[in-house]
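Input: a single structure, listed below in structure tokens.
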Amino acid sequence: MIRVYEEFAESSRRQILAELVDGSKNVRDLVAATQLKQPNLSSHLARMREKGILTATKTGREVYYSFATPEIKEVVSKALAKQMTSPCHTCLDEASQQYAKAAVNGDESQCSEILDSLFAANATMIGIYKGLIVPAMRYVGYWYSEHEIDAAQEHMASAITERMMMRIVQHFATTKKVDRTAILGCGPGSFHVIGLRMASDYLRVCGWKTLFLGGNVPHRCFISQVAQHKPDVVLLSCKAEDGLASDLELIRLLNGVRTKEERFCIGVGGCCAGKHQDEFLAAGADFISTDLETFANEVVPCIEKKGKAPKLAKAP
Ligand code: B12
């Protein structure tokens, strides 16, 4: 197992290994999650395959990477746990771990203080979401998978985070208005709303009118909101595999109610959307965006300028 520790010592490979603890991923998922450039990522993957740490499996046209054995996964999980309890290297790493600890312990005022310190340091909204909240929720997921916290603590941390996001959006609120409307929601049985809410908050701060429907929205109610508010964009998030069939059906229904005159854009985010992007595009989605920064820097300006999404904006 010494070879696993050797790989773990290098920060990019450590990032890749950490991502695979949640399950197998393809190059696109890993680029989105690690922000490594694709050639760089591919060379790390090739190296770890040669060393027998990772294995690659072809599913359709996609190649998915995972740990070569359950023992290797266990070594990586333990090494990650050790890293998580030792001092972190950067200020935001440390802050996200502290935030996660406070959130699972129900210490909302400490979460607020951490946020205040980032406001005081002039952190950007996307910087706080990507640097603090996303990694903090990964800690929560990791501790839950290791049975270090229970389901109640996972729920509590999520609820606190949603309240912290209210503070974030208020902090960055502007009087700017653009004549654009977005409807955002998750389909039936889908409860992972935090990522979608980040996209909603970003649009709101950019001056869009946003109608955030939340999670577990029945198809016909979703469609009815779209008919009533005539949005420019409809955004969904698909995070768990078990919601895939229902989300694809929702996209088909949304696509079916579009007319030439009211051709709103349909976009999908979340890691499951990244994995199944061809299916989402075939069902009628215009773009898949699993990364908040790419969404903010590339997709939103394009919709604002041209009224439509960049042509086939694939993940990330
Ligand atoms: C918090 C959480 C929950 C909460 C959600 C609360 C809430 N209000 O959202 C609760 C407790 C309800 C929950 C329930 C479940 N969860 Co859960 N959950 C998590 C956890 C710990 C964090 C998710 C999160 O909020 N991350 C923070 C957000 C910001 O990150 P994100 O969603 O990836 O979003 C980023 C991008 O994807 C993107 N994005 C996402 N959506 C969109 C949309 C648009 C338009 C755009 C532009 C971008 C975008 O932007 C974000 C920033 O980059 C993860 C662990 C993990 N490692 O992810 C598991 C996890 C997602 N859950 C999982 C599962 C299996 C479940 C359950 C089925 C059972 C369970 N084990 O509890 C249930 C049922 C869920 C359902 N059917 O919807 C699995 C999913 C595996 C899979 N891919 O199928 C995970 C990965 C845990 C695991 N390793 O098993 N969960």
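Identifiers in the structure tokens: chain A, B, ... in order shown; residue index from 1 per chain; ligand index from 1 in order shown.
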
Compile the contact shell of Gly187 of chain A as a list in words: residues with an atom at most 9 Å away, counting only C-alpha atoms, same-chain residues fewer than 5 positions apart removed. Gly214, Gly215, Asn216, Val217, Pro218, His219, Phe222, Leu236, Ser237, Cys238, Gly243, Ser246, Asp247 and Leu250 of chain A

Could you pull out the strand (DSSP E) residues of segment 121-210 of chain A from DSSP and send them as a list in words? Thr181, Ala182, Ile183, Leu184, Gly185, Lys209 and Thr210 of chain A

Write the selection just made, keeping C-alpha atoms, as a PDB file, in the first residue's frame?
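Result went into out.pdb, see below:
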ATOM      1  CA  THR A 181     -36.348  35.321 -15.619  1.00  0.00           C
ATOM      2  CA  ALA A 182     -35.211  31.886 -14.486  1.00  0.00           C
ATOM      3  CA  ILE A 183     -37.227  29.090 -12.929  1.00  0.00           C
ATOM      4  CA  LEU A 184     -35.204  26.601 -10.930  1.00  0.00           C
ATOM      5  CA  GLY A 185     -36.250  23.378  -9.267  1.00  0.00           C
ATOM      6  CA  LYS A 209     -35.808  37.495 -11.540  1.00  0.00           C
ATOM      7  CA  THR A 210     -35.504  34.016 -10.055  1.00  0.00           C
TER       8      THR A 210
END

As JSON, numbers by chain, please: every residue in segment 195-260 of chain A that DSSP puts in helix (DSSP H, G or I). {"A": [195, 196, 197, 198, 199, 200, 201, 202, 203, 204, 205, 219, 220, 221, 222, 223, 224, 225, 226, 227, 228, 229, 241, 242, 243, 244, 245, 246, 247, 248, 249, 250, 251, 252, 253, 254, 255, 256, 257]}

Excluding Met164 of chain A and any residue of its chain fewer than 6 positions from it, enumerate the residues within 12 Å of it, using only C-alpha atoms, and give them as a ChimeraX atom specification. /A:99,103,107-116,128-129,132-133,157-158,170-171,194,197-198,201

Which residues, written as a VMD selection string, have at least one atom at most 10 Å from segment 143-145 of chain A, with only C-alpha atoms counted and residues fewer than 3 positions away on the same chain left out? chain A and resid 21 to 22 81 100 to 101 104 137 to 140 148 to 151 153 to 154

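Proximity of A:Val27, A:Leu244, A:Ile251, A:Ala283 to Glu62 of chain A, computed with only C-alpha atoms, is greatest for A:Val27.
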
Measure the distance from atom 38 (C, counted along the ligand's line) of ligand 1 to atom CA of Gly131 of chain A in Å and round it to one decimal. 12.9 Å

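Between Glu261 of chain A and the candidates A:Glu162, A:Asp29, A:Asp286, A:Asp232, the tightest atom-to-atom separation, counting only C-alpha atoms, involves A:Asp232.
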
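The nearest approach to Gln35 of chain A among the residues A:Ala79, A:Ala120, A:Lys130, A:Phe287, with only C-alpha atoms taken into account, belongs to A:Lys130.
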
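Considering only C-alpha atoms, the residue among A:Ser12, A:Ala240, A:Asp291, A:Val299 positioned nearest to Ile266 of chain A is A:Val299.
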
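In this comparison, which uses only C-alpha atoms and all ligand atoms, the residue of A:Ala102, A:Val75, A:Ala152, A:Cys302 approaching ligand 1 most closely is A:Ala152.
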
In terms of the shortest atom-to-atom distance over only C-alpha atoms, which of A:Ile168, A:Val178, A:Val63, A:Leu45 is closest to Arg14 of chain A? A:Leu45

At what distance in Å, to one decimal, does atom CA of Arg252 of chain A lie from atom CA of Ala282 of chain A? 8.9 Å

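In this structure, atom 38 (C, counted along the ligand's line) of ligand 1 sits 6.7 Å away from atom CA of Leu196 of chain A.
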
Applying 10 Å and only C-alpha atoms, which residues near His276 of chain A remain after dropping the ones on its own chain fewer than 3 positions away? List them as a list in words. Glu62, Cys238, Glu241, Leu244, Leu248, Cys271, Cys272, Ala273, Glu279, Phe280, Leu281 and Ile288 of chain A

Would you output that residue set with N, CA and C atoms, as a PDB file, in the first residue's frame?
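Done, and the output landed in out-v3.pdb:
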ATOM      1  N   GLU A  62     -18.247   6.361 -22.745  1.00  0.00           N
ATOM      2  CA  GLU A  62     -17.523   7.008 -21.640  1.00  0.00           C
ATOM      3  C   GLU A  62     -16.619   6.026 -20.907  1.00  0.00           C
ATOM      4  N   CYS A 238     -29.558  17.598 -11.033  1.00  0.00           N
ATOM      5  CA  CYS A 238     -29.699  16.155 -10.890  1.00  0.00           C
ATOM      6  C   CYS A 238     -28.449  15.626 -10.205  1.00  0.00           C
ATOM      7  N   GLU A 241     -28.411   9.372  -8.658  1.00  0.00           N
ATOM      8  CA  GLU A 241     -28.774   8.480  -9.774  1.00  0.00           C
ATOM      9  C   GLU A 241     -30.248   8.063  -9.735  1.00  0.00           C
ATOM     10  N   LEU A 244     -32.691  10.027 -11.869  1.00  0.00           N
ATOM     11  CA  LEU A 244     -32.360  10.228 -13.283  1.00  0.00           C
ATOM     12  C   LEU A 244     -33.562  10.078 -14.227  1.00  0.00           C
ATOM     13  N   LEU A 248     -35.154  13.063 -16.505  1.00  0.00           N
ATOM     14  CA  LEU A 248     -35.145  13.020 -17.979  1.00  0.00           C
ATOM     15  C   LEU A 248     -36.558  13.227 -18.509  1.00  0.00           C
ATOM     16  N   CYS A 271     -23.853  16.569 -10.405  1.00  0.00           N
ATOM     17  CA  CYS A 271     -22.884  15.593 -10.932  1.00  0.00           C
ATOM     18  C   CYS A 271     -23.523  14.495 -11.774  1.00  0.00           C
ATOM     19  N   CYS A 272     -24.782  14.130 -11.468  1.00  0.00           N
ATOM     20  CA  CYS A 272     -25.436  13.074 -12.221  1.00  0.00           C
ATOM     21  C   CYS A 272     -25.720  13.559 -13.659  1.00  0.00           C
ATOM     22  N   ALA A 273     -25.995  14.857 -13.786  1.00  0.00           N
ATOM     23  CA  ALA A 273     -26.213  15.430 -15.119  1.00  0.00           C
ATOM     24  C   ALA A 273     -24.915  15.369 -15.916  1.00  0.00           C
ATOM     25  N   GLU A 279     -27.690  11.780 -22.481  1.00  0.00           N
ATOM     26  CA  GLU A 279     -29.119  11.476 -22.298  1.00  0.00           C
ATOM     27  C   GLU A 279     -29.923  12.762 -22.056  1.00  0.00           C
ATOM     28  N   PHE A 280     -29.341  13.681 -21.263  1.00  0.00           N
ATOM     29  CA  PHE A 280     -30.051  14.938 -20.990  1.00  0.00           C
ATOM     30  C   PHE A 280     -30.179  15.769 -22.260  1.00  0.00           C
ATOM     31  N   LEU A 281     -29.109  15.796 -23.061  1.00  0.00           N
ATOM     32  CA  LEU A 281     -29.166  16.582 -24.301  1.00  0.00           C
ATOM     33  C   LEU A 281     -30.187  15.959 -25.258  1.00  0.00           C
ATOM     34  N   ILE A 288     -25.538  21.564 -20.249  1.00  0.00           N
ATOM     35  CA  ILE A 288     -25.264  20.893 -18.982  1.00  0.00           C
ATOM     36  C   ILE A 288     -24.153  21.705 -18.342  1.00  0.00           C
TER      37      ILE A 288
END

Using only C-alpha atoms, determine which residues lie at most 7 Å from Ser66 of chain A, disregarding the query and same-chain residues fewer than 6 positions distant; provide the list as a PyMOL selection string. chain A and resi 20+23-25+54-56
